[in-house]
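This report refers to the structure that appears directly beneath it.
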Protein chains: 2
Amino acid sequence: MIGTATEADGPQIQRITARAGVFSQEEIECVRELWEEYVTLGSEECGYHFIVYREGNQVLGFACYGPRDLTHGAFDLYWIAVDPSARCNGVGRSLLTASEAAVRKMGGRMLIAETSGTAHYETTRKFYYGMGYENEAIIRDFYAVSDDLMIFTKRF
Amino acid sequence: MIGTATEADGPQIQRITARAGVFSQEEIECVRELWEEYVTLGSEECGYHFIVYREGNQVLGFACYGPRDLTHGAFDLYWIAVDPSARCNGVGRSLLTASEAAVRKMGGRMLIAETSGTAHYETTRKFYYGMGYENEAIIRDFYAVSDDLMIFTKRF
């Protein structure tokens, strides 16, 4: 049910991002920009890889990852989101597991997921912990005052 | 002696990057890409601000900084480099002080400088400590195995 995202998945990916409930307008716009690069240039050229979780014609979630510039083997999980209607069904877990497998296949040694330390993102942090990620670093007041950056890592 | 970089400074900036002795070919290429965006789009549009330290017609060093996407008030120090012939004369300190002043003027709350934990970058790390930066976070084996990412921050 997981596959490489194709151009036709764009509108559903945008809809999921908007419906996810945790992303700001600026973040939604950022997903759109990465998607545009992915569709226009291709994943190899732009460095952003999109995968989707499909059920029939419906996209229930997506993930976006890619190699971090200037590193040898560190990859970023840029985005992962599941439609609210499909939560708690393992869609997010499947997407992250598939992202990790793809990263390993590309020679990745570690996957980095950045998120916020606010209460709003507690479910996200629990998700990463549950998937075997470690909160390796924190930058206080990164996103805004009282909104820390929490850097999660998983090594392969 | 410090001023906004102009298009004519490009070759000297590239030369300093190559001569600095700490940057890989990929990093030198990255500086070139940011410079191209700066010259083509302008600092406001691309988010990269370049300043130079000049003595007469000669550029002795440069710095590049800009706002971090998705944050309110966090700025990155992308690059800072001084020509080997001009080391230990306060050029780096002047460039960093000027970068900090510019960031504050743009509403920045903090400046983030990322560097490597290897012996090769010991002088760089000492420089940040001496300028009042704190090593707030470390990601082990980030750049490569046994080559950690060290995140330095200074708050205003």
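The way I read the labels, and the way they are meant: chains A, B, ... in the order of the structure tokens, residue 1 as the first residue of every chain, and ligand 1 as the first ligand shown, with later ones counted on from there.
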- request: Could you give me the residues within chain A that DSSP places in helix (DSSP H, G or I), as a VMD selection string?
  value: chain A and resid 7 to 19 25 to 41 43 to 46 84 to 86 91 to 105 119 to 130
I need the chosen residues saved as a compact mmCIF listing (two decimals), in the first residue's frame, with C-alpha atoms.
# COMPACT_ATOMS: atom_id res chain seq x y z
CA GLU A 7 2.23 13.85 -9.67
CA ALA A 8 -1.47 12.96 -9.32
CA ASP A 9 -1.04 12.57 -5.54
CA GLY A 10 -0.24 16.28 -5.15
CA PRO A 11 -3.74 17.54 -4.24
CA GLN A 12 -4.30 14.75 -1.70
CA ILE A 13 -0.92 15.41 -0.10
CA GLN A 14 -1.75 19.10 0.20
CA ARG A 15 -5.14 18.25 1.69
CA ILE A 16 -3.62 15.93 4.29
CA THR A 17 -1.08 18.58 5.28
CA ALA A 18 -3.83 21.15 5.75
CA ARG A 19 -6.08 18.71 7.63
CA GLN A 25 0.39 28.09 7.06
CA GLU A 26 4.13 28.58 6.55
CA GLU A 27 4.74 24.86 7.02
CA ILE A 28 1.95 23.93 4.61
CA GLU A 29 3.55 26.27 2.09
CA CYS A 30 6.93 24.60 2.72
CA VAL A 31 5.46 21.15 1.94
CA ARG A 32 4.03 22.61 -1.27
CA GLU A 33 7.43 24.02 -2.29
CA LEU A 34 9.21 20.71 -1.67
CA TRP A 35 6.48 18.91 -3.61
CA GLU A 36 6.87 21.31 -6.55
CA GLU A 37 10.60 20.60 -6.65
CA TYR A 38 9.97 16.86 -6.41
CA VAL A 39 7.49 16.92 -9.30
CA THR A 40 9.53 19.30 -11.45
CA LEU A 41 13.07 18.04 -10.90
CA SER A 43 13.82 13.13 -6.29
CA GLU A 44 17.42 12.50 -7.30
CA GLU A 45 17.95 16.03 -8.53
CA CYS A 46 16.12 17.91 -5.76
CA PRO A 84 -7.07 12.52 10.66
CA SER A 85 -9.63 9.98 9.38
CA ALA A 86 -6.93 7.30 9.19
CA VAL A 91 -0.36 4.33 8.64
CA GLY A 92 2.27 6.58 10.22
CA ARG A 93 4.27 3.61 11.45
CA SER A 94 4.20 2.02 8.00
CA LEU A 95 5.29 5.26 6.35
CA LEU A 96 8.17 5.77 8.76
CA THR A 97 9.29 2.14 8.49
CA ALA A 98 9.24 2.41 4.69
CA SER A 99 11.17 5.71 4.86
CA GLU A 100 13.82 4.08 7.05
CA ALA A 101 14.13 1.12 4.67
CA ALA A 102 14.53 3.48 1.70
CA VAL A 103 17.13 5.55 3.53
CA ARG A 104 19.13 2.44 4.41
CA LYS A 105 18.95 1.33 0.80
CA ALA A 119 2.32 20.34 24.07
CA HIS A 120 0.78 20.57 20.58
CA TYR A 121 3.39 18.08 19.31
CA GLU A 122 3.26 15.60 22.17
CA THR A 123 1.66 12.91 20.00
CA THR A 124 4.39 13.42 17.40
CA ARG A 125 7.14 13.01 20.00
CA LYS A 126 5.50 9.89 21.43
CA PHE A 127 5.32 8.51 17.91
CA TYR A 128 9.08 8.96 17.40
CA TYR A 129 9.91 7.47 20.79
CA GLY A 130 7.65 4.51 19.99
Can I have chain A aligned to chain B? Use a least-squares fit on all Cα atoms paired in order and write it out as a compact mmCIF listing (two decimals) with N, CA and C atoms, in the first residue's frame.
# COMPACT_ATOMS: atom_id res chain seq x y z
N MET A 1 35.15 49.06 7.65
CA MET A 1 35.78 48.12 6.71
C MET A 1 34.85 46.95 6.37
N ILE A 2 33.75 46.86 7.17
CA ILE A 2 32.80 45.79 6.87
C ILE A 2 31.64 46.38 6.11
N GLY A 3 31.23 45.67 5.07
CA GLY A 3 30.12 46.16 4.28
C GLY A 3 29.38 45.02 3.61
N THR A 4 28.26 45.36 3.03
CA THR A 4 27.48 44.38 2.27
C THR A 4 28.30 43.92 1.07
N ALA A 5 28.27 42.64 0.78
CA ALA A 5 29.01 42.12 -0.36
C ALA A 5 28.33 42.53 -1.66
N THR A 6 29.14 42.90 -2.63
CA THR A 6 28.60 43.24 -3.95
C THR A 6 29.06 42.19 -4.96
N GLU A 7 28.42 42.20 -6.12
CA GLU A 7 28.69 41.16 -7.13
C GLU A 7 30.19 41.02 -7.42
N ALA A 8 30.90 42.15 -7.42
CA ALA A 8 32.33 42.13 -7.76
C ALA A 8 33.16 41.38 -6.72
N ASP A 9 32.61 41.17 -5.53
CA ASP A 9 33.36 40.46 -4.48
C ASP A 9 33.37 38.94 -4.68
N GLY A 10 32.53 38.47 -5.61
CA GLY A 10 32.37 37.03 -5.81
C GLY A 10 33.67 36.25 -5.93
N PRO A 11 34.55 36.63 -6.88
CA PRO A 11 35.80 35.86 -7.05
C PRO A 11 36.65 35.83 -5.78
N GLN A 12 36.72 36.95 -5.06
CA GLN A 12 37.55 36.96 -3.84
C GLN A 12 36.93 36.09 -2.75
N ILE A 13 35.61 36.07 -2.68
CA ILE A 13 34.94 35.21 -1.71
C ILE A 13 35.22 33.74 -2.02
N GLN A 14 35.13 33.40 -3.31
CA GLN A 14 35.42 32.01 -3.70
C GLN A 14 36.87 31.64 -3.37
N ARG A 15 37.77 32.60 -3.59
CA ARG A 15 39.19 32.33 -3.35
C ARG A 15 39.43 32.10 -1.87
N ILE A 16 38.81 32.92 -1.04
CA ILE A 16 38.99 32.77 0.41
C ILE A 16 38.45 31.42 0.88
N THR A 17 37.29 31.03 0.36
CA THR A 17 36.71 29.74 0.73
C THR A 17 37.68 28.61 0.40
N ALA A 18 38.24 28.68 -0.81
CA ALA A 18 39.16 27.62 -1.25
C ALA A 18 40.45 27.63 -0.43
N ARG A 19 40.92 28.83 -0.07
CA ARG A 19 42.19 28.95 0.65
C ARG A 19 42.05 28.71 2.15
N ALA A 20 40.81 28.74 2.66
CA ALA A 20 40.61 28.68 4.11
C ALA A 20 41.18 27.40 4.73
N GLY A 21 41.16 26.32 3.95
CA GLY A 21 41.82 25.11 4.41
C GLY A 21 40.94 24.17 5.23
N VAL A 22 39.73 24.58 5.53
CA VAL A 22 38.86 23.69 6.31
C VAL A 22 37.67 23.17 5.51
N PHE A 23 37.44 23.72 4.34
CA PHE A 23 36.22 23.35 3.61
C PHE A 23 36.50 22.28 2.55
N SER A 24 35.57 21.34 2.46
CA SER A 24 35.65 20.30 1.43
C SER A 24 35.19 20.89 0.10
N GLN A 25 35.41 20.15 -0.97
CA GLN A 25 34.99 20.60 -2.30
C GLN A 25 33.48 20.83 -2.32
N GLU A 26 32.75 19.95 -1.62
CA GLU A 26 31.29 20.05 -1.57
C GLU A 26 30.86 21.33 -0.83
N GLU A 27 31.62 21.68 0.20
CA GLU A 27 31.30 22.89 0.95
C GLU A 27 31.62 24.15 0.13
N ILE A 28 32.73 24.11 -0.59
CA ILE A 28 33.10 25.23 -1.46
C ILE A 28 32.01 25.45 -2.51
N GLU A 29 31.51 24.34 -3.03
CA GLU A 29 30.44 24.38 -4.03
C GLU A 29 29.17 24.95 -3.41
N CYS A 30 28.93 24.61 -2.13
CA CYS A 30 27.73 25.11 -1.44
C CYS A 30 27.81 26.63 -1.25
N VAL A 31 28.99 27.14 -0.90
CA VAL A 31 29.17 28.60 -0.78
C VAL A 31 28.86 29.25 -2.13
N ARG A 32 29.37 28.64 -3.20
CA ARG A 32 29.17 29.18 -4.55
C ARG A 32 27.67 29.25 -4.89
N GLU A 33 26.95 28.19 -4.53
CA GLU A 33 25.50 28.15 -4.81
C GLU A 33 24.75 29.23 -4.04
N LEU A 34 25.08 29.40 -2.76
CA LEU A 34 24.43 30.44 -1.96
C LEU A 34 24.76 31.82 -2.53
N TRP A 35 26.02 31.99 -2.95
CA TRP A 35 26.44 33.27 -3.52
C TRP A 35 25.66 33.58 -4.80
N GLU A 36 25.49 32.55 -5.65
CA GLU A 36 24.74 32.72 -6.90
C GLU A 36 23.32 33.19 -6.61
N GLU A 37 22.70 32.58 -5.60
CA GLU A 37 21.33 32.98 -5.24
C GLU A 37 21.30 34.41 -4.73
N TYR A 38 22.31 34.73 -3.92
CA TYR A 38 22.41 36.09 -3.35
C TYR A 38 22.53 37.13 -4.44
N VAL A 39 23.38 36.86 -5.42
CA VAL A 39 23.63 37.81 -6.51
C VAL A 39 22.42 37.89 -7.45
N THR A 40 21.81 36.74 -7.71
CA THR A 40 20.71 36.69 -8.66
C THR A 40 19.40 37.22 -8.07
N LEU A 41 19.08 36.76 -6.85
CA LEU A 41 17.77 37.09 -6.28
C LEU A 41 17.80 38.24 -5.28
N GLY A 42 18.95 38.48 -4.69
CA GLY A 42 19.02 39.47 -3.62
C GLY A 42 18.79 38.80 -2.27
N SER A 43 19.31 39.42 -1.21
CA SER A 43 19.30 38.77 0.10
C SER A 43 17.89 38.59 0.67
N GLU A 44 17.01 39.56 0.41
CA GLU A 44 15.66 39.44 0.97
C GLU A 44 14.93 38.24 0.40
N GLU A 45 15.06 38.09 -0.91
CA GLU A 45 14.34 37.03 -1.62
C GLU A 45 14.92 35.65 -1.30
N CYS A 46 16.26 35.53 -1.30
CA CYS A 46 16.85 34.20 -1.13
C CYS A 46 17.13 33.86 0.33
N GLY A 47 17.18 34.88 1.19
CA GLY A 47 17.40 34.61 2.61
C GLY A 47 18.85 34.47 3.02
N TYR A 48 19.78 34.70 2.09
CA TYR A 48 21.20 34.65 2.42
C TYR A 48 21.78 36.06 2.35
N HIS A 49 22.40 36.48 3.44
CA HIS A 49 23.01 37.80 3.51
C HIS A 49 24.53 37.62 3.56
N PHE A 50 25.23 38.26 2.65
CA PHE A 50 26.69 38.19 2.63
C PHE A 50 27.27 39.54 3.04
N ILE A 51 28.23 39.51 3.96
CA ILE A 51 29.00 40.71 4.27
C ILE A 51 30.48 40.40 4.09
N VAL A 52 31.26 41.42 3.82
CA VAL A 52 32.70 41.23 3.62
C VAL A 52 33.49 42.21 4.50
N TYR A 53 34.71 41.82 4.79
CA TYR A 53 35.67 42.68 5.47
C TYR A 53 36.66 43.13 4.40
N ARG A 54 36.70 44.43 4.16
CA ARG A 54 37.55 44.96 3.08
C ARG A 54 38.71 45.77 3.63
N GLU A 55 39.84 45.66 2.96
CA GLU A 55 40.96 46.56 3.20
C GLU A 55 41.36 47.07 1.82
N GLY A 56 41.03 48.32 1.52
CA GLY A 56 41.21 48.82 0.16
C GLY A 56 40.33 48.03 -0.78
N ASN A 57 40.94 47.48 -1.84
CA ASN A 57 40.16 46.68 -2.78
C ASN A 57 40.14 45.20 -2.42
N GLN A 58 40.87 44.88 -1.35
CA GLN A 58 41.01 43.47 -1.03
C GLN A 58 39.98 43.00 -0.01
N VAL A 59 39.37 41.86 -0.30
CA VAL A 59 38.45 41.23 0.65
C VAL A 59 39.26 40.27 1.51
N LEU A 60 39.22 40.46 2.83
CA LEU A 60 40.01 39.61 3.72
C LEU A 60 39.18 38.50 4.37
N GLY A 61 37.88 38.65 4.31
CA GLY A 61 37.02 37.63 4.89
C GLY A 61 35.57 37.93 4.58
N PHE A 62 34.72 36.95 4.82
CA PHE A 62 33.28 37.16 4.59
C PHE A 62 32.47 36.32 5.56
N ALA A 63 31.22 36.70 5.71
CA ALA A 63 30.27 35.90 6.49
C ALA A 63 28.95 35.86 5.74
N CYS A 64 28.20 34.80 5.96
CA CYS A 64 26.89 34.63 5.33
C CYS A 64 25.92 34.13 6.39
N TYR A 65 24.82 34.81 6.54
CA TYR A 65 23.83 34.45 7.56
C TYR A 65 22.43 34.70 7.00
N GLY A 66 21.43 34.17 7.69
CA GLY A 66 20.06 34.38 7.24
C GLY A 66 19.08 33.74 8.19
N PRO A 67 17.80 34.12 8.06
CA PRO A 67 16.77 33.57 8.95
C PRO A 67 16.54 32.08 8.68
N ARG A 68 16.33 31.32 9.76
CA ARG A 68 16.02 29.90 9.58
C ARG A 68 14.54 29.75 9.24
N ASP A 69 14.25 29.03 8.18
CA ASP A 69 12.85 28.78 7.79
C ASP A 69 12.05 28.20 8.94
N LEU A 70 10.82 28.56 9.02
CA LEU A 70 9.85 28.00 9.97
C LEU A 70 10.10 28.42 11.42
N THR A 71 11.03 29.33 11.64
CA THR A 71 11.23 29.85 13.00
C THR A 71 10.85 31.33 13.05
N HIS A 72 10.64 31.80 14.26
CA HIS A 72 10.43 33.23 14.48
C HIS A 72 11.63 33.75 15.25
N GLY A 73 12.63 34.22 14.54
CA GLY A 73 13.75 34.87 15.20
C GLY A 73 15.01 34.05 15.36
N ALA A 74 15.06 32.83 14.82
CA ALA A 74 16.32 32.07 14.83
C ALA A 74 17.03 32.30 13.49
N PHE A 75 18.31 32.61 13.56
CA PHE A 75 19.10 32.86 12.36
C PHE A 75 20.27 31.88 12.30
N ASP A 76 20.66 31.52 11.08
CA ASP A 76 21.83 30.65 10.88
C ASP A 76 23.02 31.46 10.43
N LEU A 77 24.18 31.16 10.99
CA LEU A 77 25.44 31.63 10.43
C LEU A 77 25.88 30.52 9.47
N TYR A 78 25.65 30.72 8.20
CA TYR A 78 25.93 29.65 7.24
C TYR A 78 27.42 29.50 7.02
N TRP A 79 28.11 30.60 6.83
CA TRP A 79 29.54 30.55 6.54
C TRP A 79 30.25 31.74 7.15
N ILE A 80 31.45 31.50 7.60
CA ILE A 80 32.34 32.60 7.97
C ILE A 80 33.75 32.11 7.65
N ALA A 81 34.51 32.94 6.96
CA ALA A 81 35.86 32.52 6.57
C ALA A 81 36.76 33.74 6.43
N VAL A 82 38.00 33.55 6.83
CA VAL A 82 39.00 34.62 6.75
C VAL A 82 40.18 34.10 5.94
N ASP A 83 40.71 34.95 5.09
CA ASP A 83 41.87 34.55 4.30
C ASP A 83 43.04 34.22 5.24
N PRO A 84 43.77 33.13 4.95
CA PRO A 84 44.88 32.72 5.84
C PRO A 84 45.88 33.86 6.08
N SER A 85 46.07 34.72 5.09
CA SER A 85 47.04 35.82 5.23
C SER A 85 46.59 36.87 6.24
N ALA A 86 45.32 36.85 6.60
CA ALA A 86 44.77 37.90 7.47
C ALA A 86 44.30 37.37 8.81
N ARG A 87 44.74 36.17 9.16
CA ARG A 87 44.29 35.56 10.42
C ARG A 87 44.85 36.28 11.64
N CYS A 88 44.18 36.10 12.76
CA CYS A 88 44.63 36.61 14.06
C CYS A 88 44.69 38.14 14.11
N ASN A 89 43.94 38.79 13.21
CA ASN A 89 43.90 40.25 13.22
C ASN A 89 42.52 40.77 13.59
N GLY A 90 41.68 39.87 14.07
CA GLY A 90 40.34 40.30 14.47
C GLY A 90 39.35 40.40 13.34
N VAL A 91 39.73 39.93 12.14
CA VAL A 91 38.81 40.00 10.99
C VAL A 91 37.59 39.13 11.25
N GLY A 92 37.83 37.90 11.72
CA GLY A 92 36.72 36.98 12.01
C GLY A 92 35.82 37.54 13.10
N ARG A 93 36.43 38.08 14.13
CA ARG A 93 35.64 38.64 15.24
C ARG A 93 34.78 39.80 14.74
N SER A 94 35.39 40.67 13.92
CA SER A 94 34.62 41.80 13.38
C SER A 94 33.46 41.32 12.52
N LEU A 95 33.71 40.30 11.69
CA LEU A 95 32.65 39.79 10.82
C LEU A 95 31.50 39.18 11.63
N LEU A 96 31.87 38.43 12.67
CA LEU A 96 30.82 37.80 13.47
C LEU A 96 30.04 38.84 14.26
N THR A 97 30.75 39.83 14.81
CA THR A 97 30.08 40.89 15.55
C THR A 97 29.12 41.66 14.64
N ALA A 98 29.56 41.94 13.42
CA ALA A 98 28.70 42.64 12.46
C ALA A 98 27.50 41.77 12.06
N SER A 99 27.73 40.46 11.92
CA SER A 99 26.62 39.55 11.59
C SER A 99 25.59 39.57 12.71
N GLU A 100 26.06 39.51 13.95
CA GLU A 100 25.15 39.51 15.10
C GLU A 100 24.34 40.81 15.14
N ALA A 101 25.02 41.93 14.89
CA ALA A 101 24.31 43.22 14.92
C ALA A 101 23.24 43.25 13.83
N ALA A 102 23.57 42.73 12.65
CA ALA A 102 22.60 42.72 11.54
C ALA A 102 21.42 41.82 11.86
N VAL A 103 21.71 40.69 12.47
CA VAL A 103 20.65 39.73 12.83
C VAL A 103 19.71 40.36 13.85
N ARG A 104 20.29 41.03 14.85
CA ARG A 104 19.46 41.70 15.86
C ARG A 104 18.58 42.76 15.22
N LYS A 105 19.16 43.47 14.27
CA LYS A 105 18.42 44.53 13.58
C LYS A 105 17.23 43.96 12.80
N MET A 106 17.40 42.72 12.33
CA MET A 106 16.31 42.07 11.58
C MET A 106 15.34 41.36 12.53
N GLY A 107 15.51 41.58 13.81
CA GLY A 107 14.58 40.97 14.76
C GLY A 107 15.00 39.60 15.25
N GLY A 108 16.25 39.22 14.97
CA GLY A 108 16.72 37.90 15.38
C GLY A 108 16.91 37.81 16.89
N ARG A 109 16.53 36.67 17.46
CA ARG A 109 16.70 36.42 18.89
C ARG A 109 17.96 35.61 19.17
N MET A 110 18.36 34.83 18.17
CA MET A 110 19.52 33.96 18.38
C MET A 110 20.21 33.68 17.06
N LEU A 111 21.52 33.42 17.16
CA LEU A 111 22.29 33.04 15.98
C LEU A 111 22.84 31.64 16.23
N ILE A 112 22.71 30.79 15.22
CA ILE A 112 23.12 29.39 15.32
C ILE A 112 24.29 29.15 14.38
N ALA A 113 25.36 28.57 14.93
CA ALA A 113 26.52 28.24 14.10
C ALA A 113 26.78 26.74 14.24
N GLU A 114 26.79 26.06 13.12
CA GLU A 114 27.02 24.63 13.15
C GLU A 114 28.45 24.35 12.68
N THR A 115 29.13 23.46 13.40
CA THR A 115 30.47 23.07 12.93
C THR A 115 30.73 21.64 13.33
N SER A 116 31.89 21.16 12.93
CA SER A 116 32.24 19.76 13.15
C SER A 116 33.00 19.59 14.46
N GLY A 117 32.89 18.40 15.03
CA GLY A 117 33.58 18.11 16.28
C GLY A 117 34.99 17.54 16.11
N THR A 118 35.46 17.48 14.86
CA THR A 118 36.79 16.89 14.64
C THR A 118 37.91 17.88 15.00
N ALA A 119 39.09 17.32 15.18
CA ALA A 119 40.27 18.12 15.56
C ALA A 119 40.52 19.24 14.55
N HIS A 120 40.23 18.96 13.29
CA HIS A 120 40.39 19.90 12.19
C HIS A 120 39.70 21.24 12.46
N TYR A 121 38.60 21.19 13.22
CA TYR A 121 37.79 22.39 13.46
C TYR A 121 37.96 22.96 14.86
N GLU A 122 39.04 22.57 15.53
CA GLU A 122 39.22 23.02 16.91
C GLU A 122 39.32 24.55 16.99
N THR A 123 40.06 25.14 16.06
CA THR A 123 40.19 26.60 16.04
C THR A 123 38.83 27.27 15.87
N THR A 124 38.01 26.68 15.00
CA THR A 124 36.66 27.23 14.77
C THR A 124 35.84 27.19 16.06
N ARG A 125 35.89 26.05 16.76
CA ARG A 125 35.11 25.93 18.00
C ARG A 125 35.60 26.92 19.05
N LYS A 126 36.92 27.05 19.16
CA LYS A 126 37.49 28.01 20.12
C LYS A 126 37.03 29.42 19.79
N PHE A 127 36.98 29.71 18.51
CA PHE A 127 36.51 31.02 18.06
C PHE A 127 35.08 31.28 18.55
N TYR A 128 34.20 30.31 18.37
CA TYR A 128 32.81 30.50 18.81
C TYR A 128 32.72 30.65 20.33
N TYR A 129 33.44 29.79 21.04
CA TYR A 129 33.44 29.91 22.51
C TYR A 129 33.91 31.32 22.91
N GLY A 130 34.98 31.78 22.29
CA GLY A 130 35.55 33.08 22.60
C GLY A 130 34.61 34.24 22.30
N MET A 131 33.69 33.98 21.36
CA MET A 131 32.72 35.02 20.98
C MET A 131 31.43 34.91 21.79
N GLY A 132 31.45 34.06 22.81
CA GLY A 132 30.28 33.99 23.70
C GLY A 132 29.23 32.97 23.27
N TYR A 133 29.61 32.06 22.39
CA TYR A 133 28.67 31.02 21.97
C TYR A 133 28.74 29.83 22.91
N GLU A 134 27.63 29.14 22.98
CA GLU A 134 27.49 27.96 23.84
C GLU A 134 27.31 26.75 22.92
N ASN A 135 27.95 25.66 23.25
CA ASN A 135 27.71 24.43 22.48
C ASN A 135 26.45 23.77 23.03
N GLU A 136 25.34 24.12 22.42
CA GLU A 136 24.05 23.73 23.01
C GLU A 136 23.64 22.31 22.67
N ALA A 137 24.11 21.77 21.57
CA ALA A 137 23.68 20.43 21.18
C ALA A 137 24.74 19.75 20.32
N ILE A 138 24.73 18.43 20.38
CA ILE A 138 25.66 17.62 19.58
C ILE A 138 24.86 16.48 18.95
N ILE A 139 25.07 16.25 17.67
CA ILE A 139 24.53 15.05 17.02
C ILE A 139 25.73 14.19 16.62
N ARG A 140 25.85 13.07 17.29
CA ARG A 140 27.00 12.19 17.05
C ARG A 140 26.98 11.63 15.62
N ASP A 141 28.17 11.54 15.04
CA ASP A 141 28.34 10.90 13.73
C ASP A 141 27.48 11.54 12.64
N PHE A 142 27.27 12.83 12.75
CA PHE A 142 26.37 13.51 11.81
C PHE A 142 26.99 13.65 10.42
N TYR A 143 28.14 14.31 10.35
CA TYR A 143 28.76 14.53 9.04
C TYR A 143 29.26 13.21 8.45
N ALA A 144 29.79 12.36 9.33
CA ALA A 144 30.29 11.04 8.96
C ALA A 144 30.52 10.29 10.27
N VAL A 145 30.87 9.03 10.19
CA VAL A 145 31.19 8.28 11.40
C VAL A 145 32.37 8.99 12.09
N SER A 146 32.25 9.23 13.39
CA SER A 146 33.27 9.93 14.18
C SER A 146 33.43 11.41 13.80
N ASP A 147 32.44 11.97 13.17
CA ASP A 147 32.47 13.40 12.82
C ASP A 147 31.13 14.01 13.25
N ASP A 148 31.11 14.49 14.49
CA ASP A 148 29.87 14.99 15.09
C ASP A 148 29.49 16.38 14.58
N LEU A 149 28.21 16.66 14.64
CA LEU A 149 27.72 18.03 14.45
C LEU A 149 27.70 18.70 15.82
N MET A 150 28.31 19.88 15.89
CA MET A 150 28.25 20.66 17.12
C MET A 150 27.48 21.94 16.82
N ILE A 151 26.39 22.12 17.53
CA ILE A 151 25.53 23.29 17.29
C ILE A 151 25.82 24.34 18.37
N PHE A 152 26.34 25.47 17.92
CA PHE A 152 26.63 26.59 18.82
C PHE A 152 25.51 27.62 18.70
N THR A 153 25.14 28.20 19.84
CA THR A 153 24.11 29.23 19.80
C THR A 153 24.54 30.43 20.64
N LYS A 154 24.05 31.58 20.25
CA LYS A 154 24.22 32.80 21.04
C LYS A 154 22.89 33.53 21.01
N ARG A 155 22.41 33.89 22.19
CA ARG A 155 21.11 34.58 22.29
C ARG A 155 21.32 36.06 22.54
N PHE A 156 20.41 36.85 22.01
CA PHE A 156 20.55 38.32 22.14
C PHE A 156 19.52 38.88 23.12
- prompt: Mind checking DSSP for chain A and telling me the strand (DSSP E) residues as a PyMOL selection string?
  reply: chain A and resi 2-4+49-55+58-67+74-82+110-116+134-144+147-155
